[in-house]
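J.: The structure file entry.txt (compact mmCIF, C-alpha atoms and all ligand atoms) is provided below.
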# COMPACT_ATOMS: atom_id res chain seq x y z
CA MET A 5 -83.05 101.04 -84.69
CA SER A 6 -80.58 103.30 -82.96
CA HIS A 7 -79.61 103.43 -79.34
CA THR A 8 -79.13 107.07 -78.68
CA GLY A 9 -81.01 106.91 -75.39
CA ALA A 10 -77.80 106.21 -73.49
CA SER A 11 -78.21 106.36 -69.75
CA SER A 12 -76.37 109.30 -68.27
CA ALA A 13 -74.92 107.03 -65.58
CA ALA A 14 -73.17 104.85 -68.15
CA THR A 15 -71.97 107.88 -70.08
CA LEU A 16 -70.42 109.32 -66.96
CA ASP A 17 -68.78 106.03 -66.02
CA ARG A 18 -67.24 105.45 -69.37
CA LEU A 19 -65.74 108.87 -69.71
CA SER A 20 -64.71 109.53 -66.12
CA LEU A 21 -63.03 106.20 -65.46
CA PRO A 22 -60.59 105.46 -64.11
CA ASP A 23 -60.23 108.36 -61.64
CA GLN A 24 -56.89 110.11 -61.09
CA GLY A 25 -55.63 107.26 -58.94
CA GLY A 26 -56.57 104.64 -61.51
CA HIS A 27 -59.68 103.38 -59.71
CA PHE A 28 -62.68 101.82 -61.40
CA GLY A 29 -64.95 102.12 -58.38
CA PRO A 30 -63.41 99.83 -55.75
CA TYR A 31 -61.11 98.16 -58.31
CA GLY A 32 -57.78 99.02 -59.90
CA GLY A 33 -55.37 101.49 -58.29
CA VAL A 34 -51.62 101.32 -57.76
CA PHE A 35 -50.05 98.66 -55.53
CA VAL A 36 -46.33 98.56 -56.28
CA PRO A 37 -43.01 98.98 -54.47
CA GLU A 38 -41.85 102.57 -53.92
CA THR A 39 -39.16 102.16 -56.61
CA LEU A 40 -41.77 101.78 -59.34
CA MET A 41 -43.95 104.74 -58.37
CA THR A 42 -41.84 107.23 -60.33
CA ALA A 43 -41.83 105.04 -63.44
CA LEU A 44 -45.62 104.62 -63.35
CA GLN A 45 -46.06 108.34 -62.80
CA GLU A 46 -43.77 109.17 -65.71
CA LEU A 47 -45.62 106.70 -67.92
CA GLY A 48 -48.97 108.20 -66.87
CA GLU A 49 -47.80 111.70 -67.73
CA VAL A 50 -46.19 110.74 -71.04
CA TYR A 51 -49.33 108.85 -72.04
CA ALA A 52 -51.64 111.71 -71.03
CA ALA A 53 -49.66 114.04 -73.30
CA ALA A 54 -49.38 111.52 -76.15
CA ARG A 55 -53.09 110.75 -76.32
CA GLN A 56 -53.73 114.42 -77.11
CA ASP A 57 -50.83 114.81 -79.51
CA GLU A 58 -51.89 114.59 -83.14
CA ASN A 59 -48.36 113.62 -84.22
CA TYR A 60 -48.36 110.65 -81.87
CA LEU A 61 -51.87 109.62 -82.91
CA ASP A 62 -51.03 109.92 -86.61
CA GLU A 63 -47.96 107.76 -86.15
CA LEU A 64 -49.98 105.22 -84.17
CA ARG A 65 -52.66 105.06 -86.87
CA ARG A 66 -50.04 104.73 -89.59
CA HIS A 67 -48.29 101.76 -87.94
CA LEU A 68 -51.60 100.10 -87.11
CA LYS A 69 -52.47 100.28 -90.77
CA GLU A 70 -49.14 99.58 -92.43
CA PHE A 71 -47.48 97.21 -89.97
CA ALA A 72 -50.39 95.54 -88.18
CA GLY A 73 -52.91 95.46 -91.04
CA ARG A 74 -55.84 97.48 -89.72
CA PRO A 75 -58.71 97.79 -90.21
CA THR A 76 -59.63 94.13 -89.76
CA GLU A 77 -62.76 92.78 -91.44
CA LEU A 78 -66.14 92.29 -89.80
CA TYR A 79 -66.93 88.99 -91.41
CA LEU A 80 -70.28 87.23 -91.78
CA ALA A 81 -69.82 83.61 -90.67
CA GLU A 82 -72.35 82.11 -93.05
CA ARG A 83 -71.91 78.42 -92.40
CA LEU A 84 -71.65 78.86 -88.65
CA THR A 85 -74.84 80.93 -88.77
CA GLU A 86 -76.56 78.23 -90.78
CA HIS A 87 -75.25 75.50 -88.46
CA CYS A 88 -76.67 77.26 -85.38
CA GLY A 89 -79.98 78.16 -87.04
CA GLY A 90 -80.46 81.30 -84.94
CA ALA A 91 -78.83 84.71 -84.81
CA LYS A 92 -76.78 86.04 -87.69
CA ILE A 93 -73.14 85.68 -86.59
CA TYR A 94 -70.42 88.15 -87.46
CA LEU A 95 -66.75 87.73 -86.53
CA LYS A 96 -64.41 90.63 -85.85
CA ARG A 97 -61.26 89.32 -87.48
CA GLU A 98 -58.44 90.30 -85.10
CA ASP A 99 -56.91 86.94 -86.07
CA LEU A 100 -55.90 88.55 -89.37
CA LEU A 101 -53.56 91.04 -87.71
CA HIS A 102 -49.80 90.78 -88.06
CA THR A 103 -48.37 88.32 -85.48
CA GLY A 104 -51.75 86.62 -85.21
CA ALA A 105 -53.76 88.34 -82.48
CA HIS A 106 -55.05 91.65 -81.14
CA LYS A 107 -51.91 92.02 -78.95
CA ILE A 108 -50.10 94.04 -81.64
CA ASN A 109 -52.51 97.02 -81.17
CA ASN A 110 -51.16 97.56 -77.67
CA ALA A 111 -47.55 96.67 -78.46
CA ILE A 112 -47.39 99.37 -81.14
CA GLY A 113 -49.01 101.96 -78.88
CA GLN A 114 -46.59 101.27 -76.04
CA VAL A 115 -43.42 101.01 -78.11
CA LEU A 116 -44.16 104.49 -79.45
CA LEU A 117 -44.44 105.69 -75.84
CA ALA A 118 -41.08 104.06 -75.02
CA LYS A 119 -39.58 105.97 -77.94
CA ARG A 120 -41.06 109.21 -76.57
CA MET A 121 -39.52 108.47 -73.17
CA GLY A 122 -36.15 107.73 -74.76
CA LYS A 123 -36.12 104.19 -73.39
CA LYS A 124 -34.12 101.77 -75.50
CA ARG A 125 -34.74 98.53 -73.64
CA ILE A 126 -38.11 96.78 -73.60
CA ILE A 127 -39.27 93.97 -71.34
CA ALA A 128 -42.53 92.04 -71.46
CA GLU A 129 -44.23 89.00 -69.94
CA THR A 130 -46.11 86.50 -72.00
CA GLY A 131 -48.49 83.60 -71.40
CA ALA A 132 -49.48 82.00 -74.70
CA GLY A 133 -46.57 83.81 -76.29
CA GLN A 134 -48.75 86.07 -78.44
CA HIS A 135 -47.91 89.20 -76.48
CA GLY A 136 -44.24 88.21 -76.53
CA VAL A 137 -44.33 87.75 -80.29
CA ALA A 138 -46.08 91.10 -80.81
CA THR A 139 -43.55 92.82 -78.55
CA ALA A 140 -40.59 91.12 -80.24
CA ALA A 141 -41.96 92.24 -83.61
CA VAL A 142 -42.34 95.92 -82.68
CA CYS A 143 -38.91 95.92 -80.99
CA ALA A 144 -37.33 94.54 -84.15
CA LYS A 145 -39.17 97.13 -86.22
CA PHE A 146 -37.97 100.02 -84.04
CA GLY A 147 -34.51 98.62 -83.29
CA LEU A 148 -35.01 98.24 -79.55
CA GLN A 149 -33.51 95.65 -77.23
CA CYS A 150 -36.17 93.14 -76.13
CA ARG A 151 -36.38 90.63 -73.29
CA VAL A 152 -39.48 88.49 -72.74
CA TYR A 153 -40.25 86.54 -69.56
CA MET A 154 -42.26 83.37 -69.98
CA GLY A 155 -43.19 80.55 -67.62
CA ALA A 156 -41.36 77.30 -68.35
CA VAL A 157 -44.63 75.38 -68.70
CA ASP A 158 -45.94 77.93 -71.21
CA MET A 159 -42.64 77.73 -73.13
CA GLU A 160 -43.28 74.06 -73.58
CA ARG A 161 -46.96 74.52 -74.55
CA GLN A 162 -46.08 77.29 -76.99
CA ALA A 163 -42.64 76.27 -78.26
CA LEU A 164 -43.30 77.68 -81.70
CA ASN A 165 -43.92 81.16 -80.33
CA VAL A 166 -40.68 80.97 -78.34
CA PHE A 167 -38.82 80.27 -81.57
CA ARG A 168 -40.68 83.11 -83.33
CA MET A 169 -39.62 85.59 -80.66
CA ARG A 170 -36.01 84.46 -80.87
CA LEU A 171 -36.02 84.72 -84.66
CA MET A 172 -37.07 88.36 -84.30
CA GLY A 173 -34.16 89.02 -81.99
CA ALA A 174 -35.81 88.85 -78.58
CA GLU A 175 -34.21 87.18 -75.61
CA VAL A 176 -36.71 84.77 -74.02
CA ILE A 177 -36.16 83.99 -70.34
CA GLY A 178 -37.86 80.88 -68.93
CA VAL A 179 -39.30 81.30 -65.44
CA GLU A 180 -39.08 78.21 -63.24
CA ALA A 181 -40.79 79.58 -60.12
CA GLY A 182 -44.18 78.44 -58.81
CA GLN A 183 -46.66 77.19 -61.37
CA LYS A 184 -44.27 78.30 -64.16
CA THR A 185 -46.97 80.21 -66.06
CA LEU A 186 -48.07 83.79 -66.62
CA LYS A 187 -48.22 84.96 -62.99
CA GLU A 188 -44.60 84.01 -62.36
CA ALA A 189 -43.53 85.60 -65.65
CA ILE A 190 -45.14 88.89 -64.55
CA ASN A 191 -43.31 88.69 -61.20
CA GLU A 192 -39.98 88.34 -62.99
CA ALA A 193 -40.76 91.18 -65.39
CA MET A 194 -41.62 93.45 -62.42
CA ARG A 195 -38.35 92.48 -60.71
CA ASP A 196 -36.42 93.34 -63.86
CA TRP A 197 -38.28 96.64 -64.18
CA VAL A 198 -37.48 97.68 -60.60
CA THR A 199 -33.78 97.04 -61.28
CA HIS A 200 -33.53 98.75 -64.70
CA VAL A 201 -36.28 101.30 -64.50
CA ARG A 202 -34.26 104.20 -65.98
CA SER A 203 -33.43 102.49 -69.27
CA THR A 204 -36.38 100.13 -69.56
CA HIS A 205 -40.04 100.28 -70.48
CA TYR A 206 -42.28 97.39 -69.44
CA ILE A 207 -44.85 96.62 -72.17
CA LEU A 208 -47.54 94.92 -70.12
CA GLY A 209 -49.78 92.79 -72.31
CA SER A 210 -53.29 93.03 -70.88
CA ALA A 211 -55.71 95.45 -69.22
CA LEU A 212 -54.17 94.58 -65.87
CA GLY A 213 -51.57 95.73 -63.36
CA SER A 214 -51.23 99.19 -61.85
CA HIS A 215 -52.54 102.44 -63.23
CA PRO A 216 -52.06 103.64 -65.96
CA TYR A 217 -51.81 100.18 -67.61
CA PRO A 218 -55.47 99.03 -67.48
CA MET A 219 -56.67 102.33 -68.95
CA MET A 220 -53.84 102.64 -71.45
CA VAL A 221 -54.04 99.07 -72.75
CA ARG A 222 -57.82 99.45 -73.06
CA ASP A 223 -57.41 102.64 -75.06
CA PHE A 224 -54.99 100.96 -77.48
CA HIS A 225 -57.58 98.23 -78.14
CA ARG A 226 -60.59 100.53 -78.45
CA VAL A 227 -59.93 100.55 -82.16
CA ILE A 228 -61.49 97.05 -82.25
CA GLY A 229 -64.87 98.27 -81.02
CA ARG A 230 -64.71 101.53 -82.94
CA GLU A 231 -64.22 99.68 -86.22
CA THR A 232 -66.86 97.09 -85.30
CA LYS A 233 -69.43 99.82 -84.73
CA ALA A 234 -68.81 101.48 -88.07
CA GLN A 235 -68.71 98.14 -89.88
CA ILE A 236 -71.92 96.71 -88.42
CA MET A 237 -73.71 99.97 -89.26
CA GLU A 238 -72.44 99.62 -92.81
CA HIS A 239 -73.47 95.95 -93.12
CA GLU A 240 -76.74 96.00 -91.20
CA GLY A 241 -77.64 99.62 -90.56
CA ARG A 242 -78.01 98.92 -86.86
CA LEU A 243 -76.11 97.89 -83.75
CA PRO A 244 -75.79 94.21 -82.80
CA ASP A 245 -77.99 92.59 -80.17
CA GLU A 246 -75.12 90.84 -78.46
CA MET A 247 -71.32 90.91 -78.45
CA ILE A 248 -69.09 88.19 -77.05
CA ALA A 249 -65.35 88.10 -76.32
CA CYS A 250 -63.03 85.85 -74.33
CA VAL A 251 -61.48 87.29 -71.18
CA GLY A 252 -58.01 86.55 -69.88
CA GLY A 253 -56.77 89.80 -68.42
CA GLY A 254 -59.50 91.37 -70.46
CA SER A 255 -57.80 93.52 -73.10
CA ASN A 256 -59.46 92.26 -76.28
CA ALA A 257 -62.84 92.24 -74.54
CA ILE A 258 -62.69 95.74 -73.08
CA GLY A 259 -61.37 97.13 -76.38
CA PHE A 260 -64.21 95.44 -78.23
CA PHE A 261 -66.90 96.48 -75.72
CA PHE A 262 -65.82 99.97 -74.75
CA ASP A 263 -67.52 101.98 -77.46
CA PHE A 264 -70.76 100.05 -76.86
CA LEU A 265 -70.98 100.57 -73.09
CA GLU A 266 -73.49 103.38 -73.54
CA ASP A 267 -75.59 101.41 -76.01
CA GLU A 268 -77.51 99.63 -73.31
CA ALA A 269 -79.56 97.51 -75.71
CA VAL A 270 -76.37 95.74 -76.80
CA ARG A 271 -75.65 92.79 -74.48
CA LEU A 272 -71.95 92.46 -73.70
CA VAL A 273 -70.67 89.08 -72.56
CA GLY A 274 -67.16 88.08 -71.47
CA VAL A 275 -66.20 84.40 -71.50
CA GLU A 276 -63.69 83.05 -68.98
CA ALA A 277 -61.81 79.78 -68.94
CA GLY A 278 -63.74 76.97 -67.24
CA GLY A 279 -60.76 74.59 -67.59
CA ARG A 280 -61.49 71.07 -66.34
CA GLY A 281 -64.57 72.36 -64.50
CA ILE A 282 -65.34 74.78 -61.70
CA GLN A 283 -63.46 73.09 -58.86
CA ARG A 284 -60.62 74.78 -56.99
CA GLY A 285 -57.41 74.78 -59.01
CA ASP A 286 -59.00 73.45 -62.20
CA HIS A 287 -60.10 76.65 -63.94
CA ALA A 288 -59.44 80.36 -64.44
CA ALA A 289 -62.98 81.75 -64.17
CA ARG A 290 -62.41 84.55 -61.68
CA PHE A 291 -66.12 85.30 -61.36
CA GLU A 292 -66.81 81.67 -60.42
CA GLY A 293 -65.51 81.74 -56.87
CA GLY A 294 -62.95 84.54 -57.05
CA LYS A 295 -62.80 87.20 -54.32
CA LEU A 296 -61.61 90.78 -54.01
CA GLY A 297 -57.86 90.98 -53.50
CA VAL A 298 -54.64 92.50 -54.77
CA LEU A 299 -52.42 90.79 -57.30
CA GLN A 300 -49.49 92.24 -59.23
CA GLY A 301 -50.31 95.89 -58.65
CA CYS A 302 -54.07 95.82 -58.98
CA LYS A 303 -57.15 95.35 -56.80
CA THR A 304 -59.68 93.09 -58.50
CA TYR A 305 -61.39 89.68 -58.50
CA ILE A 306 -58.82 86.97 -57.85
CA LEU A 307 -58.94 83.22 -57.47
CA GLN A 308 -57.52 82.61 -54.00
CA ASP A 309 -57.68 80.00 -51.28
CA PRO A 310 -59.28 80.68 -47.87
CA ASP A 311 -55.91 82.01 -46.59
CA GLY A 312 -55.70 84.53 -49.43
CA GLN A 313 -52.99 82.58 -51.25
CA ILE A 314 -53.32 82.73 -55.03
CA GLU A 315 -55.12 79.64 -56.25
CA LEU A 316 -53.66 77.36 -58.92
CA THR A 317 -55.36 77.91 -62.25
CA HIS A 318 -55.82 75.77 -65.32
CA SER A 319 -56.97 76.28 -68.89
CA VAL A 320 -56.26 74.55 -72.16
CA SER A 321 -55.39 78.03 -73.45
CA ALA A 322 -52.31 79.64 -71.93
CA GLY A 323 -53.63 83.11 -72.72
CA LEU A 324 -56.62 82.74 -70.38
CA ASP A 325 -54.75 80.92 -67.61
CA TYR A 326 -54.44 83.71 -65.01
CA ALA A 327 -55.83 84.18 -61.49
CA ALA A 328 -56.90 87.84 -61.81
CA ILE A 329 -59.20 89.73 -64.15
CA GLY A 330 -58.77 93.32 -65.36
CA PRO A 331 -60.32 95.80 -62.87
CA GLU A 332 -62.63 97.48 -65.39
CA HIS A 333 -64.41 94.18 -66.02
CA ALA A 334 -65.06 93.74 -62.30
CA PHE A 335 -66.53 97.24 -62.21
CA TYR A 336 -68.94 96.74 -65.12
CA ARG A 337 -69.90 93.30 -63.91
CA ASP A 338 -71.03 94.77 -60.58
CA ARG A 339 -73.25 97.16 -62.51
CA GLY A 340 -74.62 94.38 -64.69
CA ARG A 341 -73.33 96.08 -67.83
CA ILE A 342 -70.96 93.29 -68.81
CA GLN A 343 -72.09 89.74 -68.10
CA PHE A 344 -69.83 86.73 -67.78
CA ALA A 345 -69.94 83.08 -68.76
CA TYR A 346 -67.32 80.38 -69.06
CA ALA A 347 -66.38 77.60 -71.47
CA ASP A 348 -64.52 74.46 -70.46
CA ASP A 349 -61.58 72.73 -72.14
CA GLU A 350 -63.66 69.93 -73.63
CA GLU A 351 -66.17 72.26 -75.29
CA VAL A 352 -63.29 74.36 -76.57
CA LEU A 353 -61.56 71.39 -78.22
CA GLU A 354 -64.82 70.37 -79.87
CA VAL A 355 -65.65 73.82 -81.19
CA PHE A 356 -62.04 74.36 -82.34
CA GLN A 357 -62.59 71.49 -84.79
CA LEU A 358 -66.19 72.32 -85.68
CA PHE A 359 -65.42 75.97 -86.40
CA SER A 360 -62.32 75.12 -88.47
CA ARG A 361 -64.41 72.77 -90.62
CA LEU A 362 -67.32 75.15 -91.02
CA GLU A 363 -65.46 78.39 -91.68
CA GLY A 364 -61.99 77.50 -92.93
CA ILE A 365 -60.46 79.53 -90.12
CA LEU A 366 -58.35 78.06 -87.29
CA PRO A 367 -59.30 80.03 -84.17
CA ALA A 368 -56.94 80.59 -81.23
CA LEU A 369 -57.91 78.41 -78.27
CA GLU A 370 -58.52 81.62 -76.32
CA SER A 371 -60.93 82.96 -78.95
CA THR A 372 -62.58 79.54 -79.16
CA HIS A 373 -63.96 80.17 -75.64
CA ALA A 374 -65.94 83.06 -77.11
CA LEU A 375 -67.06 80.84 -79.99
CA VAL A 376 -68.33 78.13 -77.60
CA HIS A 377 -70.54 80.60 -75.82
CA GLY A 378 -71.46 82.33 -79.07
CA ILE A 379 -72.74 79.08 -80.56
CA LYS A 380 -74.90 78.43 -77.49
CA ARG A 381 -76.31 81.94 -77.63
CA ALA A 382 -76.87 82.02 -81.40
CA LYS A 383 -79.05 78.90 -81.08
CA GLU A 384 -81.17 80.68 -78.47
CA MET A 385 -81.48 83.89 -80.46
CA ARG A 386 -83.88 84.69 -83.31
CA SER A 387 -82.76 84.74 -86.93
CA ASP A 388 -83.41 88.48 -87.12
CA GLU A 389 -80.96 89.10 -84.28
CA LEU A 390 -77.28 89.98 -84.68
CA LEU A 391 -74.40 88.47 -82.74
CA VAL A 392 -70.81 89.69 -83.06
CA ILE A 393 -67.97 87.56 -81.72
CA ASN A 394 -64.46 88.91 -81.37
CA LEU A 395 -62.06 86.43 -82.94
CA SER A 396 -59.10 87.68 -80.91
CA GLY A 397 -56.45 85.52 -82.58
CA ARG A 398 -55.62 82.72 -84.97
CA GLY A 399 -54.99 79.13 -83.97
CA ASP A 400 -51.78 78.35 -85.83
CA LYS A 401 -49.88 78.52 -82.53
CA ASP A 402 -52.23 75.92 -81.02
CA VAL A 403 -52.24 73.31 -83.73
CA SER A 404 -49.60 70.97 -82.28
CA GLN A 405 -51.11 71.20 -78.79
CA VAL A 406 -54.55 70.35 -80.16
CA GLN A 407 -53.07 67.46 -82.11
CA GLN A 408 -51.53 66.05 -78.93
CA LEU A 409 -54.76 66.46 -76.97
CA LEU A 410 -56.81 64.77 -79.70
CA ASP A 411 -54.29 61.88 -79.94
CA LEU A 412 -54.55 61.46 -76.17
CA GLY A 413 -58.35 61.51 -76.41
CA SER A 414 -58.53 58.87 -79.14
CA ALA A 415 -56.02 56.65 -77.29
CA LYS A 416 -58.36 56.38 -74.30
C1 LIG A 501 -53.58 86.94 -75.00
C2 LIG A 501 -54.77 86.51 -75.71
C3 LIG A 501 -56.05 86.55 -75.10
C4 LIG A 501 -56.26 86.94 -73.66
O1 LIG A 501 -55.88 88.22 -73.31
P1 LIG A 501 -56.90 89.40 -73.08
O2 LIG A 501 -56.07 90.46 -72.46
O3 LIG A 501 -57.97 88.91 -72.16
O4 LIG A 501 -57.45 89.79 -74.39
C5 LIG A 501 -57.15 86.22 -75.87
N1 LIG A 501 -57.02 85.81 -77.15
C6 LIG A 501 -55.81 85.72 -77.75
C7 LIG A 501 -55.74 85.24 -79.15
C8 LIG A 501 -54.65 86.06 -77.06
O5 LIG A 501 -53.46 85.98 -77.65
How does this structure look as structure tokens?
T.:
Amino acid sequence: MSHTGASSAATLDRLSLPDQGGHFGPYGGVFVPETLMTALQELGEVYAAARQDENYLDELRRHLKEFAGRPTELYLAERLTEHCGGAKIYLKREDLLHTGAHKINNAIGQVLLAKRMGKKRIIAETGAGQHGVATAAVCAKFGLQCRVYMGAVDMERQALNVFRMRLMGAEVIGVEAGQKTLKEAINEAMRDWVTHVRSTHYILGSALGSHPYPMMVRDFHRVIGRETKAQIMEHEGRLPDEMIACVGGGSNAIGFFFDFLEDEAVRLVGVEAGGRGIQRGDHAARFEGGKLGVLQGCKTYILQDPDGQIELTHSVSAGLDYAAIGPEHAFYRDRGRIQFAYADDEEVLEVFQLFSRLEGILPALESTHALVHGIKRAKEMRSDELLVINLSGRGDKDVSQVQQLLDLGSAK
């Protein structure tokens, strides 16, 4: 079965978005202080030239292969499939990439742009620490100065990643403001960028922020979906029935989904963090009660209180613990092309253990959200149907946190 009957509407969307101003319909755009407008414009222009430059693209492909370890496998999860007794489950193994998650795809793409711009200093924000580790790694590789901003709470949750970054020569700055997580780290990174904009490139880690970031970060992760498409055709001779990915800012998901947007028979599902449950302040599921607003340079769905103040968020996984979702996801959700679900902390902890036992793979807590929903769906699907789950990262970074949570649970 092939899906060549792509609707012209979807085709147009995919290829014409975002518009010149970085809009995905009503979402996206540029909302930054005057001082950053020039930097964003420069970045937009440099990227527009680079994406058409065969030398740049060759170099990108070479580092993705030699440094990051692409292509990643599309792996049949036999015991998980058997356990669920429904759809045949494949995993896209982004967890096998160097530094442990999909983040390196984008970090390599952007560090090559920084080189093109002659910028020798790199800054980044990080939540779980995976983007910080990927950025520290590419900075070490290319001999660039690297500073990573990280919320103090996240530094505690992900102490091992802090040490990893420092081992690779990055300076890690703890951010004590507010909730001391990703949002505050982004604020600090933006402040730094405003001050040092001539010498510094800001490697933003998700499909978020002001144009051109959401588009650019998406493009760097499209390789995930492109490979998946070729690999599933090779294994099965047809496209999958459903694809599932976890959604923090949305970079692994949009990269995984993008080349399937026109294949309307393929269901695309993003999974947000349900945290302790869908009550105010206890989760990070932006489509469960979020409203249109502007946060950190971008118009999108945001968890906010009735006064428009950014709501507290919570998730067991630092990488999904953020109040806003990438603008492109909001756009395709409105059109019904990408659907959304959520998984809560308790389900995630359970499936983290189940999946490790069944498959011999420790999944990142972020990716485990996709697995939770994937298991539910596989059970509902027929055995002749195909489900592909993006395993965005590995769980080594989460092992001590899970151990603590399980000890707490058994002490009750
Ligand atoms: C950072 C991270 C995420 C969340 O970020 P997205 O931009 O939504 O992909 C998901 N999984 C892993 C393993 C991560 O490190």
J.: Neighbouring residues of ligand LIG 501 (chain A) are defined here as those with any atom at most 7 Å from a ligand atom, counting only C-alpha atoms and all ligand atoms; list them as a list in words.
T.: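 Written in the requested form, the residues are Ala105, His106, Lys107, Ala132, Gln134, His135, Gly209, Ser210, Ala211, Cys250, Val251, Gly252, Gly253, Gly254, Ser255, Asn256, Ala257, Gly323, Leu324, Ala368, Glu370, Ser371, Ser396, Gly397 and Arg398 of chain A.
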J.: Where does region 14-120 of chain A meet region 283-300 of chain A within 9 Å, residue by residue, with the nearest atom pair and distance in Å to one decimal for each, counting only C-alpha atoms, listed by chain and rising number, as CSV?
T.:
residue,atom,partner,partner_atom,distance
A:Tyr31,CA,A:Leu296,CA,8.6
A:Gly32,CA,A:Val298,CA,8.9
A:Phe35,CA,A:Gln300,CA,7.4
A:Val36,CA,A:Gln300,CA,7.7
J.: Find the residue from A:Trp197, A:Ala118, A:Leu265, A:Leu40 that sits nearest to Leu19 (chain A); use all atoms listed in the file when measuring.
T.: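 Ranked by minimum distance to Leu19 (chain A), first place goes to A:Leu265.
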J.: To one decimal place in Å, what is the distance between CA of Asp223 (chain A) and CA of Phe260 (chain A)?
T.: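 Rounded to one decimal, the two atoms are 10.4 Å apart.
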J.: Quick one: distance from CA of Gly413 (chain A) to CA of Arg161 (chain A) in Å, one decimal?
T.: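 Those two atoms sit 17.4 Å apart.
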J.: So, counting only C-alpha atoms, which residue among A:Ser414, A:Gln343, A:Ser387, A:Thr103 is closest to Asp400 (chain A)?
T.: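 Under the stated criterion, the closest residue is A:Thr103.
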J.: Considering all atoms listed in the file, state which residue in the set A:Ser203, A:Asn109, A:Thr85, A:Ser214 is at the smallest distance from Arg125 (chain A).
T.: A:Ser203
J.: Which residue out of A:Arg202, A:Glu192, A:Leu61, A:His102 has the minimum interatomic distance to Gly122 (chain A) when only C-alpha atoms are used?
T.: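 For Gly122 (chain A), the nearest of the given residues is A:Arg202.
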J.: Nearest to Ile236 (chain A): which of A:Arg65, A:Arg341, A:Arg195, A:Lys92 is it, counting all atoms listed in the file?
T.: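 Nearest to Ile236 (chain A): A:Lys92.
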